[in-house]
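*Asks:* Got a structure for you, start-v9.txt, holding compact mmCIF, C-alpha atoms and all ligand atoms.
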```txt
# COMPACT_ATOMS: atom_id res chain seq x y z
CA MET A 226 -66.75 96.81 -42.79
CA GLN A 227 -70.52 96.75 -43.26
CA GLY A 228 -70.68 93.40 -41.48
CA GLN A 229 -69.14 95.05 -38.42
CA LEU A 230 -72.15 97.38 -38.14
CA PHE A 231 -74.42 94.42 -37.68
CA GLN A 232 -72.05 92.37 -35.63
CA GLY A 233 -73.38 91.76 -32.13
CA SER A 234 -71.76 90.03 -29.22
CA SER A 235 -72.94 88.59 -25.95
CA ASP A 236 -71.13 91.28 -23.90
CA HIS A 237 -74.34 92.97 -22.79
CA LEU A 238 -76.27 89.75 -22.13
CA THR A 239 -76.86 88.19 -18.75
CA SER A 240 -76.84 84.42 -18.33
CA GLY A 241 -79.68 82.73 -20.21
CA ASP A 242 -80.59 85.71 -22.44
CA ASN A 243 -81.12 85.05 -26.16
CA LEU A 244 -78.06 85.91 -28.27
CA LEU A 245 -80.06 86.02 -31.52
CA PRO A 246 -82.18 89.04 -32.51
CA LYS A 247 -84.72 86.89 -34.44
CA ASP A 248 -85.49 83.47 -36.00
CA GLY A 249 -84.21 81.23 -33.21
CA GLU A 250 -82.85 81.10 -29.69
CA VAL A 251 -79.30 80.68 -28.43
CA LEU A 252 -79.07 80.80 -24.65
CA VAL A 253 -75.63 81.06 -23.06
CA TYR A 254 -74.75 80.18 -19.46
CA HIS A 255 -71.15 81.05 -18.58
CA GLY A 256 -69.78 79.22 -15.52
CA PHE A 257 -72.55 76.61 -15.64
CA PHE A 258 -69.95 74.08 -14.53
CA SER A 259 -67.62 75.19 -11.71
CA GLN A 260 -63.88 75.60 -12.33
CA LYS A 261 -63.22 72.37 -10.40
CA GLU A 262 -65.86 70.33 -12.26
CA SER A 263 -64.70 71.74 -15.61
CA ASP A 264 -61.03 70.95 -14.87
CA CYS A 265 -61.91 67.36 -13.91
CA PHE A 266 -64.09 66.74 -16.97
CA TYR A 267 -61.54 68.37 -19.31
CA ASP A 268 -58.62 66.25 -18.03
CA HIS A 269 -60.69 63.08 -18.13
CA LEU A 270 -62.18 63.58 -21.60
CA LEU A 271 -58.92 64.67 -23.19
CA ASP A 272 -57.31 61.46 -21.99
CA GLN A 273 -60.13 58.89 -22.07
CA ILE A 274 -62.31 59.72 -25.10
CA ASP A 275 -61.65 57.64 -28.18
CA TRP A 276 -60.78 60.60 -30.42
CA GLN A 277 -60.92 59.96 -34.16
CA GLN A 278 -59.37 61.75 -37.11
CA ASP A 279 -62.14 61.94 -39.70
CA LYS A 280 -61.66 62.82 -43.34
CA MET A 281 -63.67 65.10 -45.60
CA LYS A 282 -63.85 64.92 -49.38
CA ILE A 283 -63.39 68.10 -51.42
CA TYR A 284 -63.55 67.78 -55.21
CA GLY A 285 -62.83 64.04 -54.90
CA LYS A 286 -59.74 64.51 -52.68
CA GLN A 287 -59.58 63.40 -49.02
CA PHE A 288 -58.47 65.86 -46.34
CA ASP A 289 -58.18 65.53 -42.56
CA LEU A 290 -60.97 67.34 -40.72
CA PRO A 291 -59.38 70.25 -38.80
CA ARG A 292 -60.33 68.77 -35.40
CA LEU A 293 -60.75 65.34 -33.77
CA THR A 294 -64.21 63.95 -33.07
CA ALA A 295 -66.04 61.22 -31.15
CA TRP A 296 -69.66 60.05 -31.05
CA TYR A 297 -71.33 58.53 -27.98
CA GLY A 298 -74.95 57.74 -27.17
CA GLU A 299 -77.65 55.31 -26.29
CA HIS A 300 -78.09 53.75 -29.72
CA ALA A 301 -75.40 51.79 -31.48
CA LYS A 302 -76.44 53.93 -34.38
CA ASP A 303 -74.69 55.55 -37.28
CA TYR A 304 -74.81 59.31 -37.55
CA SER A 305 -73.93 61.07 -40.79
CA TYR A 306 -73.08 64.72 -41.17
CA SER A 307 -71.15 66.57 -43.87
CA GLY A 308 -70.57 63.24 -45.65
CA ILE A 309 -68.97 61.68 -42.53
CA SER A 310 -70.50 58.58 -40.98
CA MET A 311 -69.88 57.69 -37.32
CA ARG A 312 -70.97 54.77 -35.13
CA SER A 313 -71.75 55.70 -31.53
CA LYS A 314 -70.05 54.23 -28.48
CA PRO A 315 -71.98 53.68 -25.20
CA TRP A 316 -72.25 56.54 -22.66
CA THR A 317 -69.45 56.73 -20.10
CA LYS A 318 -70.00 57.67 -16.43
CA GLU A 319 -68.53 61.15 -16.95
CA LEU A 320 -70.58 61.85 -20.11
CA MET A 321 -73.71 60.80 -18.19
CA GLU A 322 -72.82 63.20 -15.35
CA ILE A 323 -72.50 66.11 -17.77
CA LYS A 324 -75.68 65.06 -19.61
CA ASP A 325 -77.70 64.83 -16.36
CA LYS A 326 -76.85 68.41 -15.43
CA ILE A 327 -77.71 69.70 -18.93
CA GLU A 328 -80.98 67.75 -19.04
CA ALA A 329 -82.08 69.18 -15.69
CA ASN A 330 -81.75 72.66 -17.19
CA ALA A 331 -83.08 71.95 -20.71
CA LYS A 332 -85.88 69.66 -19.43
CA LEU A 333 -85.18 67.34 -22.35
CA HIS A 334 -83.67 63.91 -22.87
CA PHE A 335 -80.61 63.88 -25.14
CA THR A 336 -79.87 60.60 -26.91
CA SER A 337 -76.37 61.28 -28.27
CA VAL A 338 -73.34 63.53 -28.10
CA LEU A 339 -70.84 64.59 -30.75
CA LEU A 340 -67.55 65.63 -29.14
CA ASN A 341 -65.02 67.87 -30.87
CA LEU A 342 -61.39 68.33 -29.88
CA TYR A 343 -59.79 71.53 -31.22
CA ARG A 344 -56.11 70.86 -30.54
CA ASN A 345 -55.17 74.56 -30.93
CA GLY A 346 -56.27 77.67 -32.86
CA ASP A 347 -55.52 75.98 -36.22
CA ASP A 348 -58.43 73.61 -35.59
CA SER A 349 -61.90 74.88 -36.45
CA VAL A 350 -65.34 74.09 -37.80
CA GLY A 351 -66.60 76.00 -40.84
CA TRP A 352 -70.01 77.59 -41.42
CA HIS A 353 -72.76 74.96 -41.21
CA CYS A 354 -76.23 74.25 -39.78
CA ASP A 355 -77.06 71.14 -37.75
CA ASN A 356 -80.13 70.34 -39.82
CA GLU A 357 -79.70 66.66 -40.70
CA LYS A 358 -83.06 64.92 -41.23
CA VAL A 359 -82.51 62.61 -38.24
CA LEU A 360 -82.53 65.67 -35.93
CA ARG A 361 -86.06 66.59 -37.20
CA VAL A 362 -87.60 70.08 -37.33
CA ASN A 363 -86.34 72.78 -34.92
CA PRO A 364 -83.75 70.55 -33.23
CA VAL A 365 -82.55 71.43 -29.74
CA ILE A 366 -78.77 71.14 -29.36
CA ALA A 367 -76.98 71.71 -26.06
CA SER A 368 -73.24 72.31 -26.03
CA VAL A 369 -70.65 72.34 -23.25
CA SER A 370 -67.23 73.97 -23.63
CA LEU A 371 -64.11 72.89 -21.77
CA GLY A 372 -60.54 74.19 -22.05
CA ALA A 373 -59.39 77.14 -24.15
CA THR A 374 -61.84 79.97 -24.87
CA ARG A 375 -62.97 80.04 -28.51
CA THR A 376 -65.28 82.41 -30.40
CA PHE A 377 -68.59 80.95 -31.60
CA LYS A 378 -70.16 82.85 -34.50
CA PHE A 379 -73.68 82.84 -35.90
CA ARG A 380 -74.63 84.22 -39.34
CA HIS A 381 -78.19 84.60 -40.63
CA LEU A 382 -78.74 82.49 -43.77
CA GLU A 383 -80.76 85.13 -45.64
CA ASP A 384 -78.92 88.24 -44.43
CA LYS A 385 -75.24 87.33 -44.20
CA THR A 386 -74.39 90.73 -42.68
CA LEU A 387 -76.37 89.75 -39.58
CA ILE A 388 -73.76 88.19 -37.30
CA ARG A 389 -73.70 87.39 -33.59
CA LYS A 390 -70.79 86.00 -31.59
CA VAL A 391 -70.04 84.75 -28.11
CA GLU A 392 -66.84 83.74 -26.30
CA LEU A 393 -67.19 80.14 -25.11
CA THR A 394 -65.20 79.91 -21.88
CA HIS A 395 -64.26 76.86 -19.77
CA GLY A 396 -67.49 75.49 -18.21
CA THR A 397 -69.97 77.32 -20.49
CA TYR A 398 -73.25 75.66 -21.43
CA LEU A 399 -75.09 76.87 -24.54
CA LEU A 400 -78.55 75.88 -25.76
CA MET A 401 -79.65 76.31 -29.41
CA LYS A 402 -83.35 75.91 -30.12
CA GLY A 403 -86.39 77.05 -32.13
CA GLU A 404 -85.59 77.86 -35.76
CA THR A 405 -81.86 78.40 -35.12
CA GLN A 406 -80.67 75.45 -37.27
CA HIS A 407 -82.92 76.43 -40.19
CA LYS A 408 -82.28 80.19 -40.19
CA TRP A 409 -78.70 80.57 -38.94
CA GLU A 410 -75.36 78.89 -39.64
CA HIS A 411 -72.55 78.72 -37.09
CA GLN A 412 -68.78 78.27 -36.96
CA ILE A 413 -65.72 78.15 -34.70
CA PRO A 414 -63.15 80.11 -36.75
CA LYS A 415 -59.41 79.51 -36.70
CA THR A 416 -57.40 81.89 -34.52
CA LYS A 417 -53.69 82.62 -34.00
CA LYS A 418 -54.39 83.62 -30.38
CA VAL A 419 -55.17 80.11 -29.06
CA THR A 420 -52.40 77.55 -28.60
CA THR A 421 -54.09 75.08 -26.20
CA PRO A 422 -56.93 72.55 -26.68
CA ARG A 423 -60.66 73.04 -26.37
CA ILE A 424 -63.27 70.27 -26.10
CA SER A 425 -66.92 70.76 -27.03
CA LEU A 426 -69.73 68.33 -26.34
CA THR A 427 -72.82 68.83 -28.48
CA PHE A 428 -75.79 66.88 -27.11
CA ARG A 429 -78.46 65.97 -29.65
CA ILE A 430 -81.81 64.17 -29.88
CA LEU A 431 -81.92 61.60 -32.68
CA GLY A 432 -85.39 60.84 -34.02
O1 LIG B 501 -67.40 73.30 -30.94
C1 LIG B 501 -68.47 73.86 -30.89
O2 LIG B 501 -68.87 74.47 -29.89
C2 LIG B 501 -69.40 73.81 -32.08
C3 LIG B 501 -69.42 72.48 -32.74
C4 LIG B 501 -70.39 72.41 -33.87
O3 LIG B 501 -70.73 73.38 -34.48
C5 LIG B 501 -70.95 71.12 -34.21
O4 LIG B 501 -70.52 70.09 -33.66
O5 LIG B 501 -71.88 71.09 -35.04
```
Could you express the structure from this file as structure tokens?
*Replies:*
Amino acid sequence: MQGQLFQGSSDHLTSGDNLLPKDGEVLVYHGFFSQKESDCFYDHLLDQIDWQQDKMKIYGKQFDLPRLTAWYGEHAKDYSYSGISMRSKPWTKELMEIKDKIEANAKLHFTSVLLNLYRNGDDSVGWHCDNEKVLRVNPVIASVSLGATRTFKFRHLEDKTLIRKVELTHGTYLLMKGETQHKWEHQIPKTKKVTTPRISLTFRILG
């Protein structure tokens, strides 16, 4: 119950305001991509991306990750996170179109994208920070959401009662920067309410 007292949401925020009260910045832009653009990208990516079922190891046993993933970018480079190693595929025309629009807003050049496919509310990603060494200090990560609305939660690493959340709707663009990856962890929790897929694209800069 105590956590509830500290739980904030983005309800009162206008587009581009910071969701976090301290130690980082998370800017959220709902409707950044129009309904038509979002529908086209969603249909295309669902069908055309080379989705992979990765495994994770827990106490020596292999389990399927509760989502499908894909890794694209400008380097034929391996990327490792949470013990999973992926080799990137070259950018596609549609990924470049999405990236161009994000880069114009963020005023940065993203080298790679990790895509996640949450097939329904049983798929999720647990609490983690995107703080791999290759992302360097204070990494900027831009994400785009397509398909079903899912809740994105942030929890402060030192004060776990400090929680913020935002509903990621079809066409939302979200930018994480500053100390966010060093001071906060994030997750997409499982939910019984969602029965349809969601795709996220998380654009990153590899050092
Ligand atoms: O699906 C999302 O929006 C979040 C994905 C995520 O946390 C990650 O790829 O590190």
*Asks:* What lies within 8 Å of region 327-340 of chain A using only C-alpha atoms, ignoring chain neighbours under 5 positions off, as a ChimeraX atom specification?
*Replies:* /A:294-300,313,367,398,400,424-431
*Asks:* Take every atom of region 348-362 of chain A listed in the file, pad by 5 Å on each side, and give me the axis-aligned box centre and edge lengths in Å, one decimal, as AutoDock Vina command-line options.
*Replies:*
```
--center_x -73.0 --center_y 70.1 --center_z -38.5 --size_x 39.2 --size_y 25.0 --size_z 15.8
```
*Asks:* Return the single residue from A:Lys390, A:His269, A:Arg375, A:Lys318 that is closest to ligand LIG 501 (chain B), with distances computed using only C-alpha atoms and all ligand atoms.
*Replies:*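 Between A:Lys390, A:His269, A:Arg375, A:Lys318, the residue approaching ligand LIG 501 (chain B) most closely is A:Arg375.
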*Asks:* Within 8 Å of ligand LIG 501 (chain B), counting all atoms listed in the file, which protein or nucleic acid residues do you find, written as an MDAnalysis selection string?
*Replies:* chainID A and resid 339:343 349:350 353:355 368:370 377 393 411:413 424:427
*Asks:* Measure the distance from CA of Thr239 (chain A) to CA of Pro422 (chain A) in Å and round it to one decimal.
*Replies:*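 CA of Thr239 (chain A) sits 26.5 Å away from CA of Pro422 (chain A).
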*Asks:* Quick one: everything within 9 Å of Asn345 (chain A), counting all atoms listed in the file, minus sequence neighbours fewer than 4 positions away in the same chain. Send it as a ChimeraX atom specification.
*Replies:* /A:292,349,373,415-417,419-423
*Asks:* Contacts of region 272-280 of chain A at 7 Å or less, counting all atoms listed in the file, minus same-chain residues fewer than 4 places along, as a ChimeraX atom specification?
*Replies:* /A:268,287-290,293-295
*Asks:* Would you write out, as JSON lines, a table of all residues in region 338-409 of chain A that have an atom no more than 6 Å from an atom of region 244-250 of chain A, listing for each the closest atom pair and the distance in Å to one decimal, considering all atoms listed in the file and ordering rows by chain and rising residue number?
*Replies:*
```
{"residue": "A:Met401", "atom": "CA", "partner": "A:Glu250", "partner_atom": "CA", "distance": 5.8}
{"residue": "A:Lys402", "atom": "CA", "partner": "A:Glu250", "partner_atom": "CA", "distance": 5.2}
{"residue": "A:Gly403", "atom": "CA", "partner": "A:Gly249", "partner_atom": "CA", "distance": 4.8}
{"residue": "A:Glu404", "atom": "CA", "partner": "A:Gly249", "partner_atom": "CA", "distance": 4.4}
{"residue": "A:Thr405", "atom": "CA", "partner": "A:Gly249", "partner_atom": "CA", "distance": 4.1}
```
*Asks:* Counting only C-alpha atoms, which residue out of A:Tyr267, A:Tyr254, A:Tyr284, A:Trp409 sits closest to Ile323 (chain A)?
*Replies:* A:Tyr267
*Asks:* Which residues come within 9 Å of Arg361 (chain A), counting only C-alpha atoms, excluding same-chain residues fewer than 2 positions away, as a PDB file with C-alpha atoms, in the frame of the given file?
*Replies:*
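So the final result, stored in part-v8.pdb, reads:
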```
ATOM      1  CA  ASN A 356     -80.130  70.340 -39.820  1.00  0.00           C
ATOM      2  CA  GLU A 357     -79.700  66.660 -40.700  1.00  0.00           C
ATOM      3  CA  LYS A 358     -83.060  64.920 -41.230  1.00  0.00           C
ATOM      4  CA  VAL A 359     -82.510  62.610 -38.240  1.00  0.00           C
ATOM      5  CA  ASN A 363     -86.340  72.780 -34.920  1.00  0.00           C
ATOM      6  CA  PRO A 364     -83.750  70.550 -33.230  1.00  0.00           C
ATOM      7  CA  ILE A 430     -81.810  64.170 -29.880  1.00  0.00           C
ATOM      8  CA  LEU A 431     -81.920  61.600 -32.680  1.00  0.00           C
ATOM      9  CA  GLY A 432     -85.390  60.840 -34.020  1.00  0.00           C
TER      10      GLY A 432
END
```
*Asks:* Write out as a PyMOL selection string the residues lying within 8 Å of Phe266 (chain A), counting only C-alpha atoms and excluding same-chain residues fewer than 3 positions away.
*Replies:* chain A and resi 262-263+269-270+319+371
*Asks:* Please complete region 309-320 of chain A with all heavy atoms and give it back as a CSV table (one decimal), in the frame of the given file.
*Replies:*
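Final file, result-v9.csv:
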```csv
chain,number,residue,atom,x,y,z
A,309,ILE,N,-69.8,62.5,-43.4
A,309,ILE,CA,-69.0,61.7,-42.5
A,309,ILE,C,-69.9,60.8,-41.8
A,309,ILE,O,-70.9,61.3,-41.2
A,309,ILE,CB,-68.2,62.5,-41.5
A,309,ILE,CG1,-67.2,63.4,-42.3
A,309,ILE,CG2,-67.5,61.7,-40.5
A,309,ILE,CD1,-66.7,64.6,-41.5
A,310,SER,N,-69.6,59.5,-41.7
A,310,SER,CA,-70.5,58.6,-41.0
A,310,SER,C,-69.8,58.1,-39.7
A,310,SER,O,-68.6,57.7,-39.8
A,310,SER,CB,-70.8,57.4,-41.9
A,310,SER,OG,-71.9,56.7,-41.4
A,311,MET,N,-70.5,58.1,-38.6
A,311,MET,CA,-69.9,57.7,-37.3
A,311,MET,C,-70.8,56.7,-36.6
A,311,MET,O,-72.0,56.9,-36.7
A,311,MET,CB,-69.7,58.9,-36.4
A,311,MET,CG,-68.9,60.0,-37.0
A,311,MET,SD,-68.9,61.4,-35.8
A,311,MET,CE,-67.4,61.0,-34.9
A,312,ARG,N,-70.2,55.7,-35.9
A,312,ARG,CA,-71.0,54.8,-35.1
A,312,ARG,C,-70.8,55.1,-33.7
A,312,ARG,O,-69.6,55.2,-33.2
A,312,ARG,CB,-70.5,53.3,-35.4
A,312,ARG,CG,-71.1,52.4,-34.4
A,312,ARG,CD,-71.5,51.0,-35.0
A,312,ARG,NE,-72.5,51.1,-36.1
A,312,ARG,CZ,-72.9,50.1,-36.8
A,312,ARG,NH1,-72.5,48.9,-36.5
A,312,ARG,NH2,-73.8,50.3,-37.7
A,313,SER,N,-71.9,55.2,-32.9
A,313,SER,CA,-71.8,55.7,-31.5
A,313,SER,C,-71.2,54.6,-30.6
A,313,SER,O,-71.5,53.4,-30.8
A,313,SER,CB,-73.1,56.2,-31.0
A,313,SER,OG,-74.0,55.2,-30.9
A,314,LYS,N,-70.5,55.1,-29.6
A,314,LYS,CA,-70.0,54.2,-28.5
A,314,LYS,C,-71.0,54.5,-27.3
A,314,LYS,O,-71.6,55.5,-27.2
A,314,LYS,CB,-68.6,54.6,-28.1
A,314,LYS,CG,-67.6,54.4,-29.2
A,314,LYS,CD,-66.2,54.4,-28.7
A,314,LYS,CE,-65.3,53.8,-29.6
A,314,LYS,NZ,-65.3,54.3,-31.0
A,315,PRO,N,-71.1,53.5,-26.3
A,315,PRO,CA,-72.0,53.7,-25.2
A,315,PRO,C,-71.5,54.8,-24.3
A,315,PRO,O,-70.4,55.1,-24.1
A,315,PRO,CB,-71.9,52.3,-24.5
A,315,PRO,CG,-70.9,51.5,-25.1
A,315,PRO,CD,-70.4,52.2,-26.4
A,316,TRP,N,-72.5,55.5,-23.6
A,316,TRP,CA,-72.2,56.5,-22.7
A,316,TRP,C,-71.2,56.1,-21.6
A,316,TRP,O,-71.3,55.0,-21.2
A,316,TRP,CB,-73.5,56.9,-21.9
A,316,TRP,CG,-74.6,57.5,-22.6
A,316,TRP,CD1,-75.9,57.0,-22.9
A,316,TRP,CD2,-74.6,58.8,-23.3
A,316,TRP,NE1,-76.6,57.9,-23.6
A,316,TRP,CE2,-75.9,59.0,-23.8
A,316,TRP,CE3,-73.7,59.8,-23.4
A,316,TRP,CZ2,-76.2,60.2,-24.5
A,316,TRP,CZ3,-74.0,61.0,-24.1
A,316,TRP,CH2,-75.2,61.2,-24.6
A,317,THR,N,-70.4,57.0,-21.2
A,317,THR,CA,-69.4,56.7,-20.1
A,317,THR,C,-70.0,57.4,-18.9
A,317,THR,O,-71.0,58.2,-19.0
A,317,THR,CB,-68.1,57.3,-20.4
A,317,THR,OG1,-68.2,58.7,-20.4
A,317,THR,CG2,-67.5,56.8,-21.7
A,318,LYS,N,-69.5,57.1,-17.7
A,318,LYS,CA,-70.0,57.7,-16.4
A,318,LYS,C,-69.9,59.2,-16.5
A,318,LYS,O,-70.8,59.9,-16.1
A,318,LYS,CB,-69.2,57.1,-15.3
A,318,LYS,CG,-69.6,57.6,-13.9
A,318,LYS,CD,-68.9,56.8,-12.8
A,318,LYS,CE,-67.6,57.3,-12.2
A,318,LYS,NZ,-67.4,58.7,-12.0
A,319,GLU,N,-68.8,59.7,-17.0
A,319,GLU,CA,-68.5,61.2,-17.0
A,319,GLU,C,-69.5,61.9,-18.0
A,319,GLU,O,-70.0,62.9,-17.7
A,319,GLU,CB,-67.1,61.5,-17.3
A,319,GLU,CG,-66.1,61.1,-16.2
A,319,GLU,CD,-65.8,59.6,-16.0
A,319,GLU,OE1,-66.2,58.8,-17.0
A,319,GLU,OE2,-65.3,59.2,-15.0
A,320,LEU,N,-69.7,61.2,-19.1
A,320,LEU,CA,-70.6,61.8,-20.1
A,320,LEU,C,-72.0,61.9,-19.6
A,320,LEU,O,-72.7,62.9,-19.8
A,320,LEU,CB,-70.5,61.1,-21.4
A,320,LEU,CG,-69.2,61.2,-22.3
A,320,LEU,CD1,-69.3,60.3,-23.5
A,320,LEU,CD2,-69.0,62.7,-22.7
```
